[in-house]
>>> print(open('structure.txt').read())   # compact mmCIF, C-alpha atoms and all ligand atoms
# COMPACT_ATOMS: atom_id res chain seq x y z
CA MET A 1 27.81 20.50 14.20
CA THR A 2 29.52 23.05 11.93
CA ALA A 3 29.37 21.98 8.31
CA ALA A 4 32.68 22.10 6.42
CA ARG A 5 30.82 21.96 3.09
CA GLU A 6 27.35 23.30 2.60
CA VAL A 7 24.71 20.58 2.79
CA PRO A 8 21.83 21.09 0.34
CA ASP A 9 18.63 21.85 2.24
CA ILE A 10 16.49 18.72 2.44
CA LEU A 11 13.44 20.68 1.30
CA SER A 12 15.25 22.16 -1.73
CA ALA A 13 14.79 21.21 -5.39
CA GLU A 14 18.49 20.35 -5.52
CA PHE A 15 18.06 17.77 -2.76
CA ALA A 16 14.92 16.32 -4.37
CA GLU A 17 16.80 15.86 -7.63
CA ASP A 18 19.77 14.07 -6.08
CA PRO A 19 19.59 13.32 -2.34
CA TYR A 20 22.49 10.86 -2.59
CA SER A 21 25.14 13.57 -3.13
CA ALA A 22 23.75 15.45 -0.13
CA TYR A 23 23.81 12.26 1.96
CA ARG A 24 27.55 11.88 1.21
CA ILE A 25 28.27 15.35 2.57
CA MET A 26 26.13 14.74 5.66
CA LEU A 27 27.78 11.38 6.35
CA GLU A 28 31.25 12.90 6.08
CA ASP A 29 30.82 16.35 7.61
CA SER A 30 27.45 16.87 9.28
CA PRO A 31 26.19 13.87 11.23
CA LEU A 32 23.78 16.04 13.22
CA ILE A 33 21.92 18.96 11.64
CA TRP A 34 19.25 21.24 13.12
CA HIS A 35 16.68 22.06 10.43
CA GLU A 36 14.81 25.19 11.37
CA PRO A 37 11.86 25.04 8.89
CA MET A 38 11.14 21.40 9.76
CA GLN A 39 11.86 22.04 13.46
CA SER A 40 13.77 18.78 13.44
CA TYR A 41 17.23 17.36 13.99
CA ILE A 42 18.54 15.25 11.11
CA VAL A 43 20.81 12.23 11.48
CA SER A 44 22.36 10.25 8.64
CA ARG A 45 25.00 7.83 9.94
CA TYR A 46 24.14 4.15 10.12
CA GLU A 47 24.93 3.84 13.80
CA ASP A 48 22.80 6.86 14.77
CA VAL A 49 19.79 5.86 12.66
CA ALA A 50 19.95 2.26 13.93
CA ARG A 51 20.11 3.52 17.54
CA ALA A 52 17.10 5.78 17.01
CA PHE A 53 15.11 2.76 15.75
CA LYS A 54 16.20 0.39 18.48
CA GLU A 55 16.54 2.35 21.72
CA PRO A 56 13.39 2.80 23.82
CA ALA A 57 14.26 6.46 24.53
CA PHE A 58 13.18 7.26 20.96
CA THR A 59 9.36 7.26 20.89
CA THR A 60 7.06 7.32 17.85
CA ASP A 61 4.88 10.09 19.35
CA ASN A 62 5.54 12.07 16.15
CA TYR A 63 2.94 9.89 14.43
CA ASP A 64 0.27 11.52 16.63
CA TRP A 65 0.43 14.51 14.28
CA GLN A 66 1.93 12.87 11.18
CA LEU A 67 -0.53 10.00 10.73
CA GLU A 68 -3.42 10.09 13.19
CA PRO A 69 -5.38 12.87 11.44
CA VAL A 70 -5.80 10.73 8.33
CA HIS A 71 -5.71 7.12 9.63
CA GLY A 72 -6.98 7.38 13.20
CA LYS A 73 -4.76 5.87 15.91
CA THR A 74 -2.49 3.15 14.51
CA ILE A 75 0.08 0.64 15.75
CA LEU A 76 2.91 2.96 14.66
CA GLN A 77 2.10 5.45 17.43
CA MET A 78 1.86 2.85 20.16
CA SER A 79 4.57 1.90 22.63
CA GLY A 80 5.20 -0.51 25.49
CA ARG A 81 2.51 -3.03 26.35
CA GLU A 82 -0.12 -1.41 24.11
CA HIS A 83 2.18 -1.83 21.10
CA ALA A 84 3.18 -5.38 22.05
CA VAL A 85 -0.47 -6.45 22.28
CA ARG A 86 -1.45 -4.78 19.00
CA ARG A 87 1.55 -6.30 17.28
CA ALA A 88 0.63 -9.76 18.59
CA LEU A 89 -2.91 -9.24 17.25
CA VAL A 90 -1.93 -8.30 13.68
CA ALA A 91 1.49 -9.87 13.03
CA PRO A 92 0.52 -13.58 12.79
CA ALA A 93 -1.44 -12.93 9.58
CA PHE A 94 1.76 -11.67 7.91
CA ARG A 95 4.09 -14.51 8.93
CA GLY A 96 5.66 -16.72 6.27
CA GLN A 97 3.55 -19.87 6.51
CA GLU A 98 0.19 -18.11 6.82
CA LEU A 99 1.10 -15.91 3.88
CA GLN A 100 2.26 -18.71 1.60
CA ALA A 101 -0.71 -20.92 2.34
CA LYS A 102 -3.48 -18.34 2.09
CA PHE A 103 -2.32 -15.42 0.05
CA LEU A 104 0.22 -16.59 -2.52
CA PRO A 105 -2.55 -17.38 -5.06
CA VAL A 106 -3.99 -13.88 -4.50
CA ILE A 107 -0.59 -12.33 -5.19
CA GLU A 108 -0.01 -14.46 -8.29
CA ARG A 109 -3.46 -13.75 -9.73
CA ASN A 110 -3.28 -10.00 -9.26
CA SER A 111 0.15 -9.75 -10.82
CA ALA A 112 -0.83 -11.92 -13.81
CA GLU A 113 -3.99 -9.89 -14.45
CA LEU A 114 -2.10 -6.61 -14.59
CA ILE A 115 0.60 -8.04 -16.87
CA ASP A 116 -2.03 -9.57 -19.17
CA ALA A 117 -3.37 -6.09 -19.84
CA PHE A 118 -0.14 -4.98 -21.55
CA ARG A 119 1.98 -8.00 -22.51
CA GLU A 120 0.60 -8.16 -26.07
CA ARG A 121 1.39 -4.49 -26.59
CA GLY A 122 5.19 -4.58 -26.52
CA THR A 123 5.35 -1.37 -24.47
CA ALA A 124 4.31 -0.42 -20.95
CA ASP A 125 5.00 1.92 -18.09
CA ILE A 126 5.97 -0.34 -15.19
CA VAL A 127 4.96 2.35 -12.67
CA ASN A 128 1.54 3.33 -14.02
CA ASP A 129 0.49 0.04 -15.61
CA TYR A 130 1.73 -2.26 -12.89
CA ALA A 131 3.51 -1.17 -9.69
CA ARG A 132 1.01 1.39 -8.40
CA HIS A 133 -1.93 -1.03 -8.75
CA PHE A 134 -0.43 -4.37 -7.73
CA PRO A 135 0.02 -4.02 -3.93
CA ILE A 136 -3.30 -2.21 -3.44
CA ASN A 137 -5.21 -4.83 -5.43
CA VAL A 138 -3.49 -7.52 -3.34
CA ILE A 139 -4.46 -5.86 -0.04
CA VAL A 140 -8.10 -5.38 -1.14
CA ASP A 141 -8.29 -9.08 -2.08
CA MET A 142 -6.46 -10.26 1.05
CA LEU A 143 -8.96 -8.35 3.17
CA GLY A 144 -11.78 -10.11 1.34
CA LEU A 145 -13.27 -6.87 -0.02
CA ASP A 146 -15.11 -6.46 -3.29
CA ARG A 147 -12.71 -6.75 -6.26
CA ALA A 148 -14.94 -4.32 -8.14
CA GLU A 149 -13.70 -1.68 -5.67
CA HIS A 150 -10.05 -1.80 -6.81
CA ALA A 151 -10.39 1.56 -8.54
CA ARG A 152 -12.03 3.19 -5.50
CA PHE A 153 -9.26 1.93 -3.22
CA GLN A 154 -6.72 3.17 -5.75
CA ARG A 155 -8.27 6.65 -5.48
CA TRP A 156 -8.32 6.55 -1.67
CA TYR A 157 -4.74 5.33 -1.63
CA THR A 158 -3.58 8.17 -3.88
CA SER A 159 -5.38 10.71 -1.69
CA ILE A 160 -3.92 9.32 1.58
CA ILE A 161 -0.42 9.32 0.12
CA ALA A 162 -0.83 12.90 -1.09
CA PHE A 163 -2.04 13.92 2.40
CA LEU A 164 0.95 12.28 4.09
CA GLY A 165 3.43 13.93 1.73
CA ASN A 166 1.75 17.36 1.74
CA LEU A 167 4.88 19.29 2.78
CA SER A 168 3.58 22.55 1.33
CA GLN A 169 0.28 22.19 3.21
CA ASP A 170 -1.82 22.53 0.06
CA GLU A 171 -5.39 23.08 1.28
CA GLN A 172 -7.00 21.06 -1.49
CA VAL A 173 -4.77 18.05 -0.79
CA ALA A 174 -5.45 18.31 2.96
CA ALA A 175 -9.22 18.54 2.46
CA ASP A 176 -9.17 15.61 0.04
CA GLY A 177 -7.23 13.47 2.54
CA LEU A 178 -9.71 14.19 5.33
CA ARG A 179 -12.62 13.42 3.00
CA THR A 180 -10.98 10.09 2.18
CA ARG A 181 -10.65 9.33 5.90
CA ASP A 182 -14.42 9.84 6.27
CA GLU A 183 -15.31 7.92 3.10
CA LEU A 184 -13.10 4.99 4.08
CA ALA A 185 -14.68 4.87 7.56
CA GLU A 186 -18.17 5.03 6.05
CA TYR A 187 -17.30 2.15 3.71
CA MET A 188 -15.32 -0.03 6.13
CA ILE A 189 -17.20 0.14 9.45
CA PRO A 190 -20.41 -1.58 8.18
CA ILE A 191 -18.30 -4.23 6.42
CA ILE A 192 -16.30 -4.88 9.61
CA ARG A 193 -19.53 -5.24 11.61
CA GLU A 194 -20.97 -7.61 9.04
CA ARG A 195 -17.73 -9.64 8.87
CA ARG A 196 -17.80 -10.14 12.65
CA ARG A 197 -21.19 -11.82 12.22
CA SER A 198 -19.98 -14.20 9.53
CA LEU A 199 -16.24 -14.76 9.62
CA GLY A 200 -14.51 -16.04 6.50
CA ASP A 201 -10.98 -17.08 5.55
CA ASP A 202 -9.73 -13.57 4.74
CA LEU A 203 -7.45 -11.06 6.48
CA LEU A 204 -10.36 -8.90 7.68
CA SER A 205 -11.92 -11.91 9.42
CA THR A 206 -8.54 -12.76 11.00
CA LEU A 207 -8.30 -9.20 12.36
CA CYS A 208 -11.91 -9.32 13.64
CA ALA A 209 -11.34 -12.64 15.42
CA ALA A 210 -7.84 -11.92 16.76
CA GLU A 211 -7.57 -12.06 20.54
CA VAL A 212 -4.50 -11.84 22.80
CA ASP A 213 -4.73 -12.00 26.61
CA GLY A 214 -8.36 -10.90 26.47
CA HIS A 215 -7.59 -7.97 24.12
CA SER A 216 -9.14 -7.60 20.68
CA MET A 217 -9.53 -4.77 18.16
CA SER A 218 -12.51 -2.42 17.97
CA ASP A 219 -14.18 -1.59 14.65
CA GLU A 220 -12.33 1.74 14.69
CA ASP A 221 -8.97 0.00 15.39
CA ILE A 222 -9.47 -2.30 12.40
CA LYS A 223 -10.54 0.57 10.15
CA ALA A 224 -7.40 2.51 11.13
CA PHE A 225 -5.23 -0.55 10.43
CA VAL A 226 -6.79 -0.98 6.98
CA SER A 227 -6.14 2.69 6.25
CA LEU A 228 -2.51 2.26 7.40
CA LEU A 229 -2.12 -0.83 5.20
CA LEU A 230 -3.02 1.20 2.12
CA ALA A 231 -0.10 3.56 2.79
CA ALA A 232 2.39 1.31 4.62
CA GLY A 233 1.82 -1.70 2.40
CA GLY A 234 0.88 0.08 -0.82
CA GLU A 235 3.17 2.97 -1.54
CA THR A 236 6.25 1.18 -0.22
CA THR A 237 5.84 -1.97 -2.28
CA ASP A 238 4.75 0.07 -5.29
CA LYS A 239 8.04 1.98 -5.18
CA ALA A 240 10.09 -1.13 -4.35
CA ILE A 241 8.90 -2.98 -7.46
CA ALA A 242 9.46 -0.02 -9.75
CA SER A 243 12.91 0.52 -8.25
CA ILE A 244 14.08 -3.09 -8.51
CA ILE A 245 13.11 -3.16 -12.20
CA LYS A 246 14.77 0.21 -12.80
CA ASN A 247 17.96 -0.86 -11.01
CA LEU A 248 18.12 -4.10 -12.99
CA LEU A 249 17.42 -2.38 -16.32
CA GLU A 250 20.27 0.01 -15.57
CA HIS A 251 22.59 -2.93 -14.81
CA PRO A 252 21.97 -5.33 -17.73
CA GLU A 253 24.45 -8.01 -16.57
CA GLN A 254 22.69 -8.27 -13.22
CA LEU A 255 19.34 -8.32 -15.02
CA ARG A 256 20.58 -11.22 -17.14
CA ALA A 257 21.70 -13.11 -14.03
CA VAL A 258 18.28 -12.63 -12.37
CA ARG A 259 16.49 -13.62 -15.58
CA GLU A 260 18.48 -16.85 -15.70
CA ASP A 261 18.04 -17.61 -12.00
CA HIS A 262 14.88 -16.27 -10.34
CA GLY A 263 16.38 -17.47 -7.05
CA LEU A 264 18.39 -14.24 -7.18
CA ILE A 265 15.28 -12.02 -6.90
CA PRO A 266 15.46 -11.80 -3.07
CA ARG A 267 19.12 -10.71 -3.38
CA ALA A 268 18.19 -8.08 -5.96
CA PHE A 269 15.33 -6.93 -3.71
CA ALA A 270 17.56 -6.68 -0.63
CA GLU A 271 20.11 -4.63 -2.58
CA THR A 272 17.34 -2.44 -4.00
CA LEU A 273 16.07 -1.78 -0.47
CA ARG A 274 19.57 -0.70 0.56
CA TYR A 275 20.46 1.28 -2.57
CA THR A 276 17.13 2.95 -3.37
CA PRO A 277 14.84 2.50 -0.33
CA PRO A 278 11.12 3.25 -0.82
CA VAL A 279 11.08 5.16 2.49
CA HIS A 280 14.03 7.57 2.70
CA MET A 281 13.30 9.08 6.09
CA ILE A 282 11.23 8.50 9.19
CA MET A 283 10.98 10.44 12.42
CA ARG A 284 11.36 9.74 16.10
CA GLN A 285 10.77 11.84 19.23
CA PRO A 286 13.14 11.21 22.17
CA ALA A 287 11.46 11.06 25.58
CA GLU A 288 14.68 12.20 27.28
CA ASP A 289 17.83 14.10 26.29
CA VAL A 290 20.00 11.79 24.17
CA GLU A 291 23.56 11.98 22.83
CA LEU A 292 23.36 11.42 19.08
CA GLY A 293 25.54 12.25 16.08
CA GLY A 294 28.08 14.00 18.28
CA GLY A 295 25.59 16.36 19.95
CA THR A 296 22.67 16.41 22.36
CA VAL A 297 19.12 16.02 21.13
CA PRO A 298 16.71 17.37 23.76
CA ALA A 299 13.70 15.47 25.07
CA GLY A 300 10.53 16.08 23.06
CA SER A 301 12.30 17.27 19.90
CA THR A 302 11.88 15.58 16.55
CA VAL A 303 14.68 13.57 14.91
CA THR A 304 14.52 12.85 11.18
CA CYS A 305 16.37 9.59 10.49
CA LEU A 306 17.75 9.39 6.96
CA ILE A 307 17.42 5.74 5.99
CA GLY A 308 18.59 6.54 2.46
CA ALA A 309 21.85 7.97 3.82
CA ALA A 310 22.45 5.32 6.50
CA ASN A 311 22.12 2.57 3.87
CA ARG A 312 25.02 4.21 2.02
CA ASP A 313 27.26 4.75 5.03
CA PRO A 314 30.75 3.62 3.90
CA SER A 315 31.54 2.49 7.44
CA ARG A 316 28.88 -0.18 6.97
CA PHE A 317 28.83 -1.04 3.24
CA ALA A 318 31.73 -1.30 0.78
CA ASN A 319 31.29 0.87 -2.34
CA PRO A 320 27.94 2.04 -0.99
CA ASP A 321 27.00 4.02 -4.11
CA THR A 322 27.27 0.92 -6.31
CA PHE A 323 24.25 -1.31 -7.01
CA ASP A 324 25.59 -4.84 -6.66
CA ILE A 325 23.25 -7.74 -5.98
CA PHE A 326 26.30 -9.94 -5.33
CA ARG A 327 27.77 -7.78 -2.54
CA ASP A 328 28.87 -9.84 0.44
CA ASP A 329 28.01 -7.32 3.15
CA LEU A 330 24.21 -7.62 2.81
CA PRO A 331 23.10 -11.14 3.75
CA THR A 332 19.82 -12.08 2.05
CA ASP A 333 18.75 -14.59 4.71
CA THR A 334 18.27 -11.81 7.27
CA ALA A 335 17.28 -9.00 4.85
CA PHE A 336 13.54 -9.44 5.49
CA SER A 337 13.76 -9.86 9.26
CA ALA A 338 14.51 -7.57 12.20
CA ALA A 339 18.14 -8.76 11.90
CA ALA A 340 18.45 -7.04 8.49
CA GLN A 341 21.67 -5.14 7.71
CA HIS A 342 19.89 -2.45 5.68
CA LEU A 343 17.54 -0.09 7.55
CA SER A 344 14.72 0.13 5.00
CA PHE A 345 12.18 -1.77 7.12
CA ALA A 346 13.45 0.05 10.26
CA LEU A 347 14.68 -2.08 13.17
CA GLY A 348 13.47 -2.85 16.67
CA ARG A 349 9.88 -2.99 17.86
CA HIS A 350 8.28 -1.20 14.88
CA PHE A 351 10.16 -3.33 12.32
CA CYS A 352 7.90 -3.63 9.28
CA VAL A 353 5.08 -6.11 9.86
CA GLY A 354 4.70 -6.62 6.11
CA ALA A 355 8.32 -7.38 5.17
CA LEU A 356 7.58 -10.99 4.19
CA LEU A 357 4.45 -9.95 2.28
CA ALA A 358 6.55 -7.39 0.40
CA LYS A 359 9.13 -10.09 -0.34
CA SER A 360 6.45 -12.46 -1.70
CA GLU A 361 4.95 -9.69 -3.85
CA VAL A 362 8.35 -8.74 -5.27
CA GLU A 363 9.37 -12.36 -5.89
CA VAL A 364 6.12 -13.13 -7.70
CA GLY A 365 5.89 -9.77 -9.46
CA VAL A 366 9.46 -9.57 -10.76
CA GLY A 367 9.44 -13.28 -11.69
CA GLN A 368 6.23 -12.91 -13.70
CA LEU A 369 7.36 -9.66 -15.36
CA LEU A 370 10.65 -11.20 -16.49
CA ASP A 371 8.93 -14.35 -17.78
CA ALA A 372 6.16 -12.49 -19.60
CA LEU A 373 8.29 -9.72 -21.09
CA PRO A 374 11.23 -11.13 -23.09
CA ASP A 375 13.99 -8.71 -24.13
CA LEU A 376 12.74 -6.18 -21.57
CA GLU A 377 14.59 -2.88 -21.85
CA LEU A 378 14.00 0.82 -21.25
CA ALA A 379 11.91 2.43 -24.00
CA GLU A 380 13.94 4.34 -26.54
CA GLY A 381 15.01 7.71 -25.18
CA ALA A 382 13.63 6.96 -21.71
CA ALA A 383 15.71 8.30 -18.83
CA PRO A 384 13.64 7.52 -15.76
CA VAL A 385 14.09 9.81 -12.79
CA GLU A 386 13.34 9.24 -9.13
CA GLN A 387 10.75 11.39 -7.44
CA GLY A 388 9.98 12.10 -3.79
CA VAL A 389 11.89 13.05 -0.67
CA PHE A 390 10.21 11.21 2.22
CA THR A 391 9.27 8.28 0.02
CA ARG A 392 11.03 7.89 -3.29
CA GLY A 393 10.83 5.84 -6.47
CA PRO A 394 10.79 6.20 -10.27
CA ALA A 395 8.16 8.70 -11.44
CA SER A 396 7.55 6.48 -14.45
CA LEU A 397 9.36 3.58 -16.09
CA PRO A 398 8.59 3.26 -19.82
CA VAL A 399 9.79 -0.07 -21.21
CA ARG A 400 9.59 -2.11 -24.39
CA PHE A 401 9.77 -5.86 -24.92
CA THR A 402 8.84 -8.62 -27.34
CA PRO A 403 5.05 -9.01 -27.12
CA THR A 404 3.73 -12.32 -25.76
CA PRO A 405 0.21 -13.78 -25.69
CA ARG A 406 -1.92 -13.41 -22.55
CA ALA A 407 -1.48 -16.16 -19.98
CA ARG A 408 -5.04 -16.01 -18.66
CA THR A 409 -8.28 -14.16 -19.01
CA SER A 410 -8.54 -11.25 -16.60
CA ALA A 411 -11.52 -11.19 -14.25
C1 LIG A 501 9.14 -2.71 0.40
C2 LIG A 501 8.05 -2.57 1.09
C3 LIG A 501 7.99 -1.97 2.48
C4 LIG A 501 8.84 -1.07 3.09
C5 LIG A 501 10.12 -0.47 2.55
C6 LIG A 501 8.28 -0.82 4.41
C7 LIG A 501 8.87 0.02 5.36
C8 LIG A 501 8.44 0.12 6.67
C9 LIG A 501 9.11 0.90 7.68
C10 LIG A 501 10.36 1.73 7.47
C11 LIG A 501 8.42 0.74 8.84
C12 LIG A 501 8.76 1.32 10.20
C13 LIG A 501 8.15 2.68 10.41
C14 LIG A 501 8.62 3.25 11.70
O1 LIG A 501 9.26 2.56 12.50
O2 LIG A 501 8.36 4.44 11.95
C15 LIG A 501 7.29 -0.12 8.55
C16 LIG A 501 6.32 -0.48 9.47
C17 LIG A 501 5.15 -1.13 9.13
N1 LIG A 501 4.85 -1.70 7.92
FE1 LIG A 501 6.05 -1.71 6.27
N2 LIG A 501 7.12 -1.52 4.55
C18 LIG A 501 6.90 -2.24 3.40
C19 LIG A 501 5.84 -3.09 3.14
C20 LIG A 501 4.78 -3.31 3.98
C21 LIG A 501 3.64 -4.14 3.68
C22 LIG A 501 3.45 -4.92 2.39
C23 LIG A 501 2.80 -4.05 4.76
C24 LIG A 501 1.47 -4.71 4.98
C25 LIG A 501 0.58 -4.91 4.07
C26 LIG A 501 3.44 -3.19 5.74
C27 LIG A 501 2.90 -2.87 6.96
C28 LIG A 501 3.58 -2.22 7.98
C29 LIG A 501 3.02 -1.98 9.30
C30 LIG A 501 1.64 -2.39 9.79
C31 LIG A 501 4.02 -1.31 10.03
C32 LIG A 501 3.93 -0.83 11.49
C33 LIG A 501 4.64 -1.81 12.41
C34 LIG A 501 4.64 -1.36 13.87
O3 LIG A 501 4.42 -0.18 14.17
O4 LIG A 501 4.89 -2.23 14.74
N3 LIG A 501 4.63 -2.76 5.22
N4 LIG A 501 7.33 -0.49 7.22
>>> encode(input="structure.txt", output="structure tokens", more="lines below")
Ligand code: HEM
Amino acid sequence: MTAAREVPDILSAEFAEDPYSAYRIMLEDSPLIWHEPMQSYIVSRYEDVARAFKEPAFTTDNYDWQLEPVHGKTILQMSGREHAVRRALVAPAFRGQELQAKFLPVIERNSAELIDAFRERGTADIVNDYARHFPINVIVDMLGLDRAEHARFQRWYTSIIAFLGNLSQDEQVAADGLRTRDELAEYMIPIIRERRRSLGDDLLSTLCAAEVDGHSMSDEDIKAFVSLLLAAGGETTDKAIASIIKNLLEHPEQLRAVREDHGLIPRAFAETLRYTPPVHMIMRQPAEDVELGGGTVPAGSTVTCLIGAANRDPSRFANPDTFDIFRDDLPTDTAFSAAAQHLSFALGRHFCVGALLAKSEVEVGVGQLLDALPDLELAEGAAPVEQGVFTRGPASLPVRFTPTPRARTSA
């Protein structure tokens, strides 16, 4: 556990600026670190992070204090039979066929509307004009909520994300997050009750009607799941889309290949997930003493699993610091399933429920952006930087392109 080289503190400005250099040192010299201020062990190697995701000894009890205050109790905290039942209740709505049949038009429409707002301009910020709105608008529409509320959901989403990432415990941010929890409950509970009385063809109705072995979800359970979707399905996909475009813009030959063959988008997405994952770290809490990273992690302690480091472990990926959509050690056919080689959707029982939804959104979104924005390149002088430590993506992504006429009239 003694570091040969000093590892930058994961809460330092130096780490926030460039976590990847720190990951290299951890992978080589310090596979297990005790971090006093975070009161957490930190692991970085692929094998250790994968074990923490897959082995039952590692619980998700940490979400009791990380997420429950703002969302209420969610699937992420559950284990054993309770988790299996909840998963069986919500997962069918996110499977491939259900998604394609019901929600592909929703995804296509929301992407096209956002692009229409800037395609005639010749300039845009892919983060602020597109990525941060697209997944939230999709979720609101999938749930069958009022499209006029997109802006309100955007505000709630921003406040929930700020609450979850409030490392410095800013009082204003904390108070705002708790207010959002109450506002969201006040808004959602009457709608859920009403929807139970007249079910439709939307995701909220599916959740209301779902039943497995005599179990169903209460109004509060559904409200908590909707709140989780805003964070789990919003911020992640937001950052994924911005990152895939940034990675491609920084590798023009690969951008050209994807432009010529949209069938390469899933490859580019899989490599983006590995190279610049939206979620860089998640925690686990072992229920018993475990051997990990060459040391012992005691029962009840917190382990921070560095996905961003594990995805660049040279024992697993050749030239791990190179973005290469054609690499042969990251199969695309498993990249959006629990058999994925990268760890960006986690593995095991909490493997991301929305992986196929994220894939559909990225395929549609990137395809439409490339088609609508010819000659897309970074705006002159733009040098986009990544931001965030727990979740991470470009802070902004100013681009320019040859203007094109609108494809449709926005609603
Ligand atoms: C690129 C986009 C995405 C990334 C990188 C991502 C990442 C993750 C990760 C790492 C986990 C596991 C957390 C843990 O084990 O502690 C997870 C779980 C989850 N994700 Fe995603 N996610 C994405 C998109 C989505 C979308 C679009 C949705 C739904 C709208 C979604 C819904 C969920 C849910 C409900 C869980 C909890 C599953 C469970 O506890 O069984 N995610 N996601």
>>> closest_residue(input="structure.txt", among="A:Leu248, A:Val399, A:Met78, A:Val385", to="Ala16 of chain A", atoms="only C-alpha atoms")
A:Val385
>>> closest_residue(input="structure.txt", among="A:Ile307, A:Ala358, A:Leu330, A:Leu11", to="Phe134 of chain A", atoms="all atoms listed in the file")
A:Ala358
>>> closest_residue(input="structure.txt", among="A:Thr296, A:Thr404, A:Thr59, A:Thr236", to="ligand LIG 501 (chain A)", atoms="only C-alpha atoms and all ligand atoms")
A:Thr236
>>> residues_near_point(input="structure.txt", point="(18.8, -3.4, 0.6)", cutoff="12 Å", atoms="only C-alpha atoms", output="VMD selection string")
chain A and resid 240 243 to 244 247 265 to 279 307 to 308 310 to 312 317 320 322 to 337 340 to 346 359
>>> atom_distance(input="structure.txt", atom1="atom CA of Asp64 of chain A", atom2="atom CA of Glu386 of chain A")
29.0 Å
>>> closest_residue(input="structure.txt", among="A:Glu47, A:Glu260, A:Glu235, A:Glu6", to="ligand LIG 501 (chain A)", atoms="only C-alpha atoms and all ligand atoms")
A:Glu235
>>> residues_near_ligand(input="structure.txt", ligand="ligand LIG 501 (chain A)", cutoff="7 Å", atoms="all atoms listed in the file", output="ChimeraX atom specification")
/A:53,60,75-77,83,87,139,228-229,232-234,236-237,240,273,277-279,282-283,344-346,349-355,357-358
>>> atom_distance(input="structure.txt", atom1="atom CA of Gly388 of chain A", atom2="atom CA of Glu14 of chain A")
12.0 Å
>>> closest_residue(input="structure.txt", among="A:Ala148, A:Val43, A:Leu99, A:Ala287", to="Gly300 of chain A", atoms="all atoms listed in the file")
A:Ala287
>>> residues_near_point(input="structure.txt", point="(8.8, 11.2, -12.5)", cutoff="10 Å", atoms="all atoms listed in the file", output="list in words")
Val127, Ala383, Pro384, Val385, Glu386, Gln387, Gly388, Gly393, Pro394, Ala395, Ser396 and Leu397 of chain A
>>> atom_distance(input="structure.txt", atom1="atom CA of Leu370 of chain A", atom2="atom CA of His262 of chain A")
9.0 Å
>>> residues_around(input="structure.txt", residues="Ala379 of chain A", least_positions_apart="4", cutoff="12 Å", atoms="only C-alpha atoms", output="PyMOL selection string")
chain A and resi 122-126+246+249+375+383-384+396-402
>>> closest_residue(input="structure.txt", among="A:Gly367, A:Val7, A:Ala185, A:Gly348", to="Ala84 of chain A", atoms="all atoms listed in the file")
A:Gly348
>>> residues_around(input="structure.txt", residues="segment 156-167 of chain A", least_positions_apart="4", cutoff="6 Å", atoms="only C-alpha atoms", output="NGL selection string")
:A and (173-174 or 177 or 180 or 230)
>>> residues_around(input="structure.txt", residues="segment 27-36 of chain A", least_positions_apart="6", cutoff="6 Å", atoms="all atoms listed in the file", output="list in words")
Ala3, Ile42, Val43, Ser44, Arg45 and Gly293 of chain A
